[in-house]
$ cat input.csv   # CSV, C-alpha atoms
chain,number,residue,atom,x,y,z
J,1,MET,CA,88.5,25.7,26.8
J,2,ASP,CA,87.3,23.3,29.3
J,3,PRO,CA,86.4,25.3,32.4
J,4,ARG,CA,87.3,22.3,34.5
J,5,THR,CA,91.0,22.6,33.9
J,6,ASP,CA,93.1,23.3,37.0
J,7,ASN,CA,93.3,27.0,36.2
J,8,GLY,CA,89.6,27.1,35.6
J,9,LEU,CA,88.8,25.4,38.8
J,10,ARG,CA,91.2,27.6,40.7
J,11,ALA,CA,89.6,30.7,39.2
J,12,ARG,CA,86.1,29.6,39.9
J,13,ASP,CA,87.2,28.6,43.4
J,14,LEU,CA,88.7,32.0,44.1
J,15,ASP,CA,85.6,33.6,42.8
J,16,ARG,CA,83.7,32.0,45.6
J,17,ARG,CA,86.0,33.5,48.1
J,18,GLU,CA,84.2,36.7,47.8
J,19,THR,CA,80.6,36.7,48.8
J,20,GLY,CA,78.8,39.8,49.8
J,21,ASN,CA,80.5,41.2,52.9
J,22,LEU,CA,83.1,38.4,53.3
J,23,ILE,CA,86.3,37.8,51.4
J,24,GLY,CA,88.9,35.1,51.7
J,25,SER,CA,92.5,36.2,52.6
J,26,ASP,CA,93.8,34.2,49.6
J,27,LYS,CA,91.6,36.2,47.3
J,28,VAL,CA,92.9,39.5,48.8
J,29,GLU,CA,96.5,38.5,48.3
J,30,GLY,CA,97.7,39.3,44.8
J,31,THR,CA,94.8,41.6,44.0
J,32,ALA,CA,95.7,44.8,42.1
J,33,VAL,CA,95.2,48.2,43.6
J,34,TYR,CA,94.2,51.2,41.4
J,35,SER,CA,94.5,54.9,42.1
J,36,HIS,CA,91.7,57.4,41.9
J,37,ALA,CA,92.9,58.1,38.4
J,38,ASN,CA,92.7,54.4,37.4
J,39,GLU,CA,96.4,53.7,37.4
J,40,LYS,CA,97.6,50.5,38.9
J,41,ILE,CA,99.6,51.5,41.9
J,42,GLY,CA,100.4,48.1,43.3
J,43,LYS,CA,99.1,44.8,44.5
J,44,ILE,CA,98.2,43.4,47.9
J,45,GLU,CA,100.7,41.0,49.3
J,46,ARG,CA,98.9,40.0,52.5
J,47,VAL,CA,97.0,41.5,55.3
J,48,MET,CA,98.4,41.8,58.8
J,49,ILE,CA,95.9,40.5,61.4
J,50,ASP,CA,95.9,41.8,65.0
J,51,LYS,CA,95.7,38.5,66.9
J,52,PRO,CA,93.9,39.6,70.1
J,53,SER,CA,91.1,41.5,68.3
J,54,GLY,CA,91.0,39.6,65.1
J,55,LYS,CA,91.0,42.8,63.1
J,56,VAL,CA,93.0,43.6,60.0
J,57,ALA,CA,95.6,46.0,61.2
J,58,TYR,CA,97.1,46.7,57.7
J,59,ALA,CA,97.0,45.6,54.1
J,60,VAL,CA,100.5,45.4,52.7
J,61,MET,CA,100.7,46.7,49.2
J,62,SER,CA,103.8,46.2,47.1
J,63,PHE,CA,104.9,48.4,44.2
J,64,GLY,CA,107.9,48.5,41.9
J,65,GLY,CA,110.9,46.1,41.6
J,66,PHE,CA,111.2,43.0,39.5
J,67,LEU,CA,110.3,39.5,40.7
J,68,GLY,CA,110.1,40.7,44.2
J,69,ILE,CA,113.6,42.3,44.2
J,70,GLY,CA,113.6,46.0,45.0
J,71,ASP,CA,109.9,46.1,45.8
J,72,ASP,CA,108.6,48.7,48.1
J,73,HIS,CA,106.0,47.6,50.6
J,74,TYR,CA,103.4,49.9,51.9
J,75,PRO,CA,101.3,49.2,55.0
J,76,ILE,CA,97.9,50.8,54.3
J,77,PRO,CA,94.6,50.9,56.3
J,78,TRP,CA,92.1,48.2,55.3
J,79,SER,CA,89.4,50.8,55.0
J,80,LYS,CA,91.3,52.4,52.1
J,81,LEU,CA,90.4,49.4,49.9
J,82,THR,CA,87.1,49.1,48.1
J,83,TYR,CA,86.8,46.1,45.7
J,84,ASP,CA,85.6,47.2,42.3
J,85,GLU,CA,84.4,44.3,40.2
J,86,SER,CA,84.6,46.2,37.0
J,87,VAL,CA,88.4,46.3,37.3
J,88,GLY,CA,88.8,43.1,39.3
J,89,GLY,CA,90.8,45.0,41.9
J,90,TYR,CA,90.8,47.5,44.7
J,91,ARG,CA,89.9,51.1,44.0
J,92,THR,CA,91.3,53.7,46.3
J,93,ASP,CA,91.0,57.4,46.6
J,94,LEU,CA,94.8,57.6,46.5
J,95,ALA,CA,96.8,59.3,43.9
J,96,LYS,CA,100.2,57.8,42.9
J,97,ALA,CA,101.8,60.9,44.4
J,98,ASP,CA,100.3,60.0,47.8
J,99,LEU,CA,102.7,57.1,48.0
J,100,GLU,CA,105.8,59.2,47.5
J,101,ASP,CA,106.0,60.1,51.1
J,102,ALA,CA,104.0,57.2,52.5
J,103,PRO,CA,105.5,54.9,55.2
J,104,ARG,CA,107.1,51.9,53.5
J,105,PHE,CA,109.7,49.2,54.0
J,106,SER,CA,111.9,47.3,51.6
J,107,ALA,CA,112.5,43.6,51.2
J,108,ASP,CA,115.7,43.8,53.2
J,109,ASP,CA,114.2,45.2,56.4
J,110,ASP,CA,110.7,45.0,57.8
J,111,PHE,CA,108.2,47.4,59.2
J,112,ASP,CA,108.4,47.9,62.9
J,113,TRP,CA,104.9,46.5,63.4
J,114,GLU,CA,104.9,46.6,67.1
J,115,ASN,CA,105.9,50.2,67.3
J,116,ARG,CA,102.9,52.4,67.9
J,117,GLU,CA,104.6,55.5,66.5
J,118,ALA,CA,105.4,53.7,63.3
J,119,GLY,CA,101.8,52.5,63.1
J,120,MET,CA,100.5,55.9,63.9
J,121,SER,CA,102.6,57.4,61.0
J,122,VAL,CA,100.7,55.0,58.7
J,123,TYR,CA,97.3,55.9,59.9
J,124,ASN,CA,98.1,59.6,60.0
J,125,HIS,CA,99.4,59.5,56.5
J,126,TYR,CA,96.1,58.2,55.3
J,127,GLY,CA,94.0,60.3,57.6
J,128,ILE,CA,92.2,57.4,59.4
J,129,PRO,CA,92.0,56.5,63.1
J,130,PRO,CA,94.3,53.6,63.9
J,131,TYR,CA,93.0,50.1,64.2
J,132,TRP,CA,93.8,50.0,68.0
J,133,VAL,CA,91.4,52.8,69.0
A,134,MET,CA,122.7,23.7,54.1
A,135,ASP,CA,122.9,27.3,52.9
A,136,PRO,CA,120.0,29.1,54.6
A,137,ARG,CA,119.9,31.5,51.7
A,138,THR,CA,118.3,28.9,49.4
A,139,ASP,CA,114.9,29.8,48.1
A,140,ASN,CA,113.2,27.6,50.7
A,141,GLY,CA,115.4,29.1,53.5
A,142,LEU,CA,114.5,32.6,52.4
A,143,ARG,CA,110.9,31.8,52.1
A,144,ALA,CA,110.9,30.3,55.6
A,145,ARG,CA,112.8,33.2,57.1
A,146,ASP,CA,110.5,35.5,55.3
A,147,LEU,CA,107.4,33.8,56.7
A,148,ASP,CA,108.9,33.9,60.2
A,149,ARG,CA,108.9,37.6,60.0
A,150,ARG,CA,105.2,37.5,59.2
A,151,GLU,CA,104.5,37.0,62.9
A,152,THR,CA,105.6,39.7,65.2
A,153,GLY,CA,104.1,40.0,68.6
A,154,ASN,CA,100.4,40.8,68.1
A,155,LEU,CA,100.4,40.8,64.3
A,156,ILE,CA,100.4,37.9,61.9
A,157,GLY,CA,100.4,37.9,58.1
A,158,SER,CA,97.5,36.2,56.4
A,159,ASP,CA,99.9,34.1,54.3
A,160,LYS,CA,101.4,32.8,57.5
A,161,VAL,CA,98.0,31.8,58.9
A,162,GLU,CA,97.2,29.9,55.7
A,163,GLY,CA,98.6,26.4,55.8
A,164,THR,CA,99.2,26.4,59.5
A,165,ALA,CA,98.4,23.2,61.4
A,166,VAL,CA,95.7,23.1,64.1
A,167,TYR,CA,96.1,20.9,67.2
A,168,SER,CA,93.5,19.6,69.6
A,169,HIS,CA,93.6,20.0,73.3
A,170,ALA,CA,95.1,16.4,73.3
A,171,ASN,CA,97.8,17.4,70.9
A,172,GLU,CA,96.4,15.6,67.9
A,173,LYS,CA,96.6,17.4,64.5
A,174,ILE,CA,93.0,18.1,63.6
A,175,GLY,CA,93.5,20.1,60.5
A,176,LYS,CA,95.1,23.1,58.9
A,177,ILE,CA,93.9,26.6,58.2
A,178,GLU,CA,93.1,27.3,54.6
A,179,ARG,CA,92.3,30.9,54.8
A,180,VAL,CA,90.5,33.5,56.9
A,181,MET,CA,87.3,35.1,55.8
A,182,ILE,CA,87.4,38.9,56.4
A,183,ASP,CA,84.3,40.9,56.9
A,184,LYS,CA,84.9,43.8,54.5
A,185,PRO,CA,83.0,46.6,56.3
A,186,SER,CA,84.5,46.0,59.7
A,187,GLY,CA,87.9,44.6,58.7
A,188,LYS,CA,87.4,41.8,61.2
A,189,VAL,CA,88.2,38.2,60.7
A,190,ALA,CA,84.8,36.5,60.6
A,191,TYR,CA,86.0,33.0,60.4
A,192,ALA,CA,89.1,30.9,60.0
A,193,VAL,CA,88.5,28.0,57.6
A,194,MET,CA,90.1,24.8,58.7
A,195,SER,CA,90.3,21.7,56.4
A,196,PHE,CA,90.5,18.2,57.5
A,197,GLY,CA,90.6,14.8,55.8
A,198,GLY,CA,90.6,14.0,52.1
A,199,PHE,CA,93.5,13.6,49.8
A,200,LEU,CA,95.1,16.4,47.7
A,201,GLY,CA,92.1,18.6,48.4
A,202,ILE,CA,89.6,16.0,47.2
A,203,GLY,CA,87.1,15.0,49.8
A,204,ASP,CA,88.2,17.5,52.4
A,205,ASP,CA,85.8,18.8,54.9
A,206,HIS,CA,86.0,22.5,55.6
A,207,TYR,CA,85.1,23.9,59.0
A,208,PRO,CA,84.5,27.6,59.6
A,209,ILE,CA,85.7,28.4,63.1
A,210,PRO,CA,85.9,31.5,65.2
A,211,TRP,CA,89.2,33.3,65.1
A,212,SER,CA,89.4,33.5,68.9
A,213,LYS,CA,89.6,29.7,69.1
A,214,LEU,CA,93.1,29.8,67.6
A,215,THR,CA,96.1,30.4,69.8
A,216,TYR,CA,99.5,30.1,68.1
A,217,ASP,CA,101.9,27.8,70.0
A,218,GLU,CA,105.5,28.2,68.9
A,219,SER,CA,106.5,24.9,70.5
A,220,VAL,CA,104.4,23.0,67.9
A,221,GLY,CA,104.5,25.6,65.1
A,222,GLY,CA,100.8,25.6,64.9
A,223,TYR,CA,97.5,26.6,66.5
A,224,ARG,CA,96.6,25.1,69.8
A,225,THR,CA,92.8,24.9,70.5
A,226,ASP,CA,90.7,23.8,73.4
A,227,LEU,CA,88.8,21.5,71.0
A,228,ALA,CA,88.7,17.7,71.0
A,229,LYS,CA,88.6,15.8,67.7
A,230,ALA,CA,85.1,14.8,68.8
A,231,ASP,CA,84.0,18.4,68.8
A,232,LEU,CA,84.3,18.4,65.0
A,233,GLU,CA,81.9,15.5,64.5
A,234,ASP,CA,78.8,17.7,64.6
A,235,ALA,CA,80.5,21.0,63.8
A,236,PRO,CA,79.2,23.1,60.9
A,237,ARG,CA,81.1,22.2,57.8
A,238,PHE,CA,81.1,22.3,54.0
A,239,SER,CA,82.6,20.2,51.3
A,240,ALA,CA,84.6,21.1,48.2
A,241,ASP,CA,81.6,20.7,46.0
A,242,ASP,CA,79.4,23.2,47.8
A,243,ASP,CA,80.3,26.3,49.9
A,244,PHE,CA,79.2,27.6,53.2
A,245,ASP,CA,76.3,30.0,53.1
A,246,TRP,CA,78.5,32.8,54.4
A,247,GLU,CA,75.8,35.5,54.1
A,248,ASN,CA,73.2,33.6,56.0
A,249,ARG,CA,73.1,34.8,59.6
A,250,GLU,CA,71.5,31.5,60.8
A,251,ALA,CA,74.4,29.5,59.3
A,252,GLY,CA,76.9,31.9,60.9
A,253,MET,CA,75.1,31.7,64.2
A,254,SER,CA,75.2,27.9,64.1
A,255,VAL,CA,79.0,28.1,63.9
A,256,TYR,CA,79.4,30.5,66.8
A,257,ASN,CA,76.9,28.6,68.9
A,258,HIS,CA,78.7,25.4,68.3
A,259,TYR,CA,81.9,26.9,69.6
A,260,GLY,CA,80.2,28.9,72.4
A,261,ILE,CA,81.5,32.3,71.3
A,262,PRO,CA,79.5,35.5,70.5
A,263,PRO,CA,79.4,36.0,66.7
A,264,TYR,CA,81.7,38.5,65.0
A,265,TRP,CA,78.9,40.8,64.1
A,266,VAL,CA,77.8,41.7,67.6
$ encode --input "input.csv" --output "structure tokens"
Amino acid sequence: MDPRTDNGLRARDLDRRETGNLIGSDKVEGTAVYSHANEKIGKIERVMIDKPSGKVAYAVMSFGGFLGIGDDHYPIPWSKLTYDESVGGYRTDLAKADLEDAPRFSADDDFDWENREAGMSVYNHYGIPPYWV
Amino acid sequence: MDPRTDNGLRARDLDRRETGNLIGSDKVEGTAVYSHANEKIGKIERVMIDKPSGKVAYAVMSFGGFLGIGDDHYPIPWSKLTYDESVGGYRTDLAKADLEDAPRFSADDDFDWENREAGMSVYNHYGIPPYWV
């Protein structure tokens, strides 16, 4: 297949969006997330950026549902994600069971992003200091 | 027009991706950038995230070209961008002329993201301390 088809170009283009320590936001979006046990537990929808500090406050992972309907959305700390080239996705130290009681929101509502208690519940769940400290 | 069309839903959905201090990466992507003099000087393609620190290292703004061909791509410091609701885009203190000698790359090459001198040339151009200090 001609690698210069649109898809080929797009794939090659996205490959360049990860280079050593830096990664493009459009490469993060859509990337699969795997549990410690190598199960796919979701994919990253986007990252939420804290505007004043320029820091990634959360990665938002979705799981379940069909065509975006009925998905659950999990805000997770950026530092939980480690890119693993061998699987082409993020490897985490999470088990699927860790998501059962994890903070989440559905398509019909939204996370209360500005609420520090809600944010703290995320960081406490994953045992990581929050992005604002 | 029924606001619950796909486009309406998508727009409403994207609106929720900016909430006080936090903004979704998919909302940043595609957002117009305006000069101090209110000229549109480009749009944001993506942000480049420094994986170890979780900080936005650069926003990549594109300008010129047609359908992505011949575009110039400018890495700019995140702190140069201030969202202005009244124009639905980023307001900067830049003039169009500031881009004439700004560090850039074309679609055929890529910025040397891992090169600290190249990175320093960006931050020096905009007069801001680099993200890694």
$ closest_residue --input "input.csv" --among "J:Leu81, J:Val122, J:Val87, J:Val56" --to "J:Asp101" --atoms "all atoms listed in the file"
J:Val122
$ interface_residues --input "input.csv" --of "chain J" --to "chain A" --cutoff "12 Å" --atoms "only C-alpha atoms" --output "PyMOL selection string"
chain J and resi 9-10+12-30+44-60+68+75+77-83+107-116+119+131-132
$ residues_around --input "input.csv" --residues "stretch 95-98 of chain J" --least-positions-apart "3" --cutoff "8 Å" --atoms "only C-alpha atoms" --output "mmCIF file with C-alpha atoms, in the frame of the given file"
data_model
loop_
_atom_site.group_PDB
_atom_site.id
_atom_site.type_symbol
_atom_site.label_atom_id
_atom_site.label_comp_id
_atom_site.auth_asym_id
_atom_site.auth_seq_id
_atom_site.Cartn_x
_atom_site.Cartn_y
_atom_site.Cartn_z
ATOM 1 C CA SER J 35 94.500 54.900 42.100
ATOM 2 C CA HIS J 36 91.700 57.400 41.900
ATOM 3 C CA ALA J 37 92.900 58.100 38.400
ATOM 4 C CA GLU J 39 96.400 53.700 37.400
ATOM 5 C CA ILE J 41 99.600 51.500 41.900
ATOM 6 C CA ASP J 101 106.000 60.100 51.100
ATOM 7 C CA ALA J 102 104.000 57.200 52.500
#
$ atom_distance --input "input.csv" --atom1 "atom CA of J:Gly89" --atom2 "atom CA of J:Asn38"
10.6 Å
$ atom_distance --input "input.csv" --atom1 "atom CA of J:Pro130" --atom2 "atom CA of J:Ser106"
22.4 Å
$ atom_distance --input "input.csv" --atom1 "atom CA of J:Ser121" --atom2 "atom CA of J:Phe63"
19.2 Å
$ decode --input "input.csv" --residues "stretch 89-102 of chain J" --atoms "all heavy atoms" --output "JSON list (two decimals), in the first residue's frame"
[["chain", "number", "residue", "atom", "x", "y", "z"],
["J", 89, "GLY", "N", -0.09, 2.20, 23.52],
["J", 89, "GLY", "CA", -1.07, 2.82, 24.39],
["J", 89, "GLY", "C", -0.46, 3.11, 25.75],
["J", 89, "GLY", "O", 0.74, 2.90, 25.95],
["J", 90, "TYR", "N", -1.32, 3.60, 26.65],
["J", 90, "TYR", "CA", -0.84, 3.90, 27.99],
["J", 90, "TYR", "C", -0.95, 2.68, 28.88],
["J", 90, "TYR", "O", -1.98, 2.01, 28.91],
["J", 90, "TYR", "CB", -1.63, 5.05, 28.61],
["J", 90, "TYR", "CG", -1.31, 6.37, 27.96],
["J", 90, "TYR", "CD1", -2.22, 6.98, 27.11],
["J", 90, "TYR", "CD2", -0.08, 6.97, 28.16],
["J", 90, "TYR", "CE1", -1.92, 8.17, 26.49],
["J", 90, "TYR", "CE2", 0.23, 8.16, 27.54],
["J", 90, "TYR", "CZ", -0.69, 8.75, 26.70],
["J", 90, "TYR", "OH", -0.37, 9.93, 26.09],
["J", 91, "ARG", "N", 0.11, 2.43, 29.57],
["J", 91, "ARG", "CA", 0.16, 1.38, 30.58],
["J", 91, "ARG", "C", -0.04, 2.07, 31.92],
["J", 91, "ARG", "O", 0.54, 3.13, 32.16],
["J", 91, "ARG", "CB", 1.54, 0.73, 30.50],
["J", 91, "ARG", "CG", 1.82, -0.29, 31.53],
["J", 91, "ARG", "CD", 1.32, -1.63, 31.14],
["J", 91, "ARG", "NE", 1.92, -2.08, 29.88],
["J", 91, "ARG", "CZ", 1.46, -3.12, 29.20],
["J", 91, "ARG", "NH1", 0.40, -3.79, 29.64],
["J", 91, "ARG", "NH2", 2.03, -3.48, 28.08],
["J", 92, "THR", "N", -0.87, 1.50, 32.76],
["J", 92, "THR", "CA", -1.04, 2.07, 34.10],
["J", 92, "THR", "C", -0.81, 0.96, 35.13],
["J", 92, "THR", "O", -0.76, -0.22, 34.78],
["J", 92, "THR", "CB", -2.46, 2.62, 34.31],
["J", 92, "THR", "OG1", -3.37, 1.52, 34.28],
["J", 92, "THR", "CG2", -2.85, 3.61, 33.23],
["J", 93, "ASP", "N", -0.69, 1.37, 36.38],
["J", 93, "ASP", "CA", -0.60, 0.37, 37.45],
["J", 93, "ASP", "C", -1.99, 0.09, 38.03],
["J", 93, "ASP", "O", -2.11, -0.47, 39.10],
["J", 93, "ASP", "CB", 0.39, 0.82, 38.53],
["J", 93, "ASP", "CG", 0.00, 2.16, 39.14],
["J", 93, "ASP", "OD1", -1.06, 2.70, 38.77],
["J", 93, "ASP", "OD2", 0.76, 2.66, 39.98],
["J", 94, "LEU", "N", -3.03, 0.47, 37.29],
["J", 94, "LEU", "CA", -4.39, 0.27, 37.77],
["J", 94, "LEU", "C", -4.91, -1.12, 37.41],
["J", 94, "LEU", "O", -4.51, -1.69, 36.39],
["J", 94, "LEU", "CB", -5.32, 1.30, 37.13],
["J", 94, "LEU", "CG", -5.01, 2.76, 37.42],
["J", 94, "LEU", "CD1", -5.89, 3.66, 36.56],
["J", 94, "LEU", "CD2", -5.19, 3.05, 38.90],
["J", 95, "ALA", "N", -5.78, -1.62, 38.23],
["J", 95, "ALA", "CA", -6.56, -2.81, 37.87],
["J", 95, "ALA", "C", -7.95, -2.33, 37.48],
["J", 95, "ALA", "O", -8.37, -1.23, 37.85],
["J", 95, "ALA", "CB", -6.65, -3.76, 39.06],
["J", 96, "LYS", "N", -8.65, -3.15, 36.70],
["J", 96, "LYS", "CA", -10.00, -2.78, 36.30],
["J", 96, "LYS", "C", -10.86, -2.47, 37.52],
["J", 96, "LYS", "O", -11.68, -1.56, 37.51],
["J", 96, "LYS", "CB", -10.62, -3.93, 35.49],
["J", 96, "LYS", "CG", -11.49, -3.49, 34.34],
["J", 96, "LYS", "CD", -11.74, -4.64, 33.38],
["J", 96, "LYS", "CE", -12.61, -4.18, 32.22],
["J", 96, "LYS", "NZ", -12.69, -5.21, 31.16],
["J", 97, "ALA", "N", -10.63, -3.22, 38.59],
["J", 97, "ALA", "CA", -11.42, -3.04, 39.81],
["J", 97, "ALA", "C", -11.21, -1.66, 40.44],
["J", 97, "ALA", "O", -12.08, -1.16, 41.15],
["J", 97, "ALA", "CB", -11.08, -4.14, 40.82],
["J", 98, "ASP", "N", -10.04, -1.07, 40.17],
["J", 98, "ASP", "CA", -9.77, 0.27, 40.74],
["J", 98, "ASP", "C", -10.73, 1.32, 40.19],
["J", 98, "ASP", "O", -10.89, 2.39, 40.77],
["J", 98, "ASP", "CB", -8.34, 0.72, 40.41],
["J", 98, "ASP", "CG", -7.30, -0.07, 41.18],
["J", 98, "ASP", "OD1", -7.59, -0.45, 42.33],
["J", 98, "ASP", "OD2", -6.22, -0.32, 40.63],
["J", 99, "LEU", "N", -11.33, 1.02, 39.04],
["J", 99, "LEU", "CA", -12.25, 2.00, 38.45],
["J", 99, "LEU", "C", -13.65, 1.91, 39.03],
["J", 99, "LEU", "O", -14.46, 2.82, 38.86],
["J", 99, "LEU", "CB", -12.31, 1.82, 36.93],
["J", 99, "LEU", "CG", -11.01, 2.09, 36.17],
["J", 99, "LEU", "CD1", -11.19, 1.82, 34.70],
["J", 99, "LEU", "CD2", -10.55, 3.53, 36.41],
["J", 100, "GLU", "N", -13.92, 0.78, 39.70],
["J", 100, "GLU", "CA", -15.31, 0.57, 40.16],
["J", 100, "GLU", "C", -15.80, 1.68, 41.07],
["J", 100, "GLU", "O", -16.93, 2.12, 40.95],
["J", 100, "GLU", "CB", -15.45, -0.79, 40.85],
["J", 100, "GLU", "CG", -15.60, -1.91, 39.83],
["J", 100, "GLU", "CD", -15.44, -3.29, 40.44],
["J", 100, "GLU", "OE1", -15.60, -3.42, 41.66],
["J", 100, "GLU", "OE2", -15.14, -4.24, 39.68],
["J", 101, "ASP", "N", -14.94, 2.14, 41.94],
["J", 101, "ASP", "CA", -15.35, 3.22, 42.84],
["J", 101, "ASP", "C", -14.60, 4.52, 42.54],
["J", 101, "ASP", "O", -14.50, 5.40, 43.40],
["J", 101, "ASP", "CB", -15.17, 2.80, 44.31],
["J", 101, "ASP", "CG", -13.73, 2.41, 44.61],
["J", 101, "ASP", "OD1", -12.96, 2.20, 43.64],
["J", 101, "ASP", "OD2", -13.36, 2.30, 45.80],
["J", 102, "ALA", "N", -14.08, 4.63, 41.32],
["J", 102, "ALA", "CA", -13.33, 5.85, 40.96],
["J", 102, "ALA", "C", -14.30, 6.98, 40.63],
["J", 102, "ALA", "O", -15.40, 6.74, 40.12],
["J", 102, "ALA", "CB", -12.44, 5.56, 39.76]]
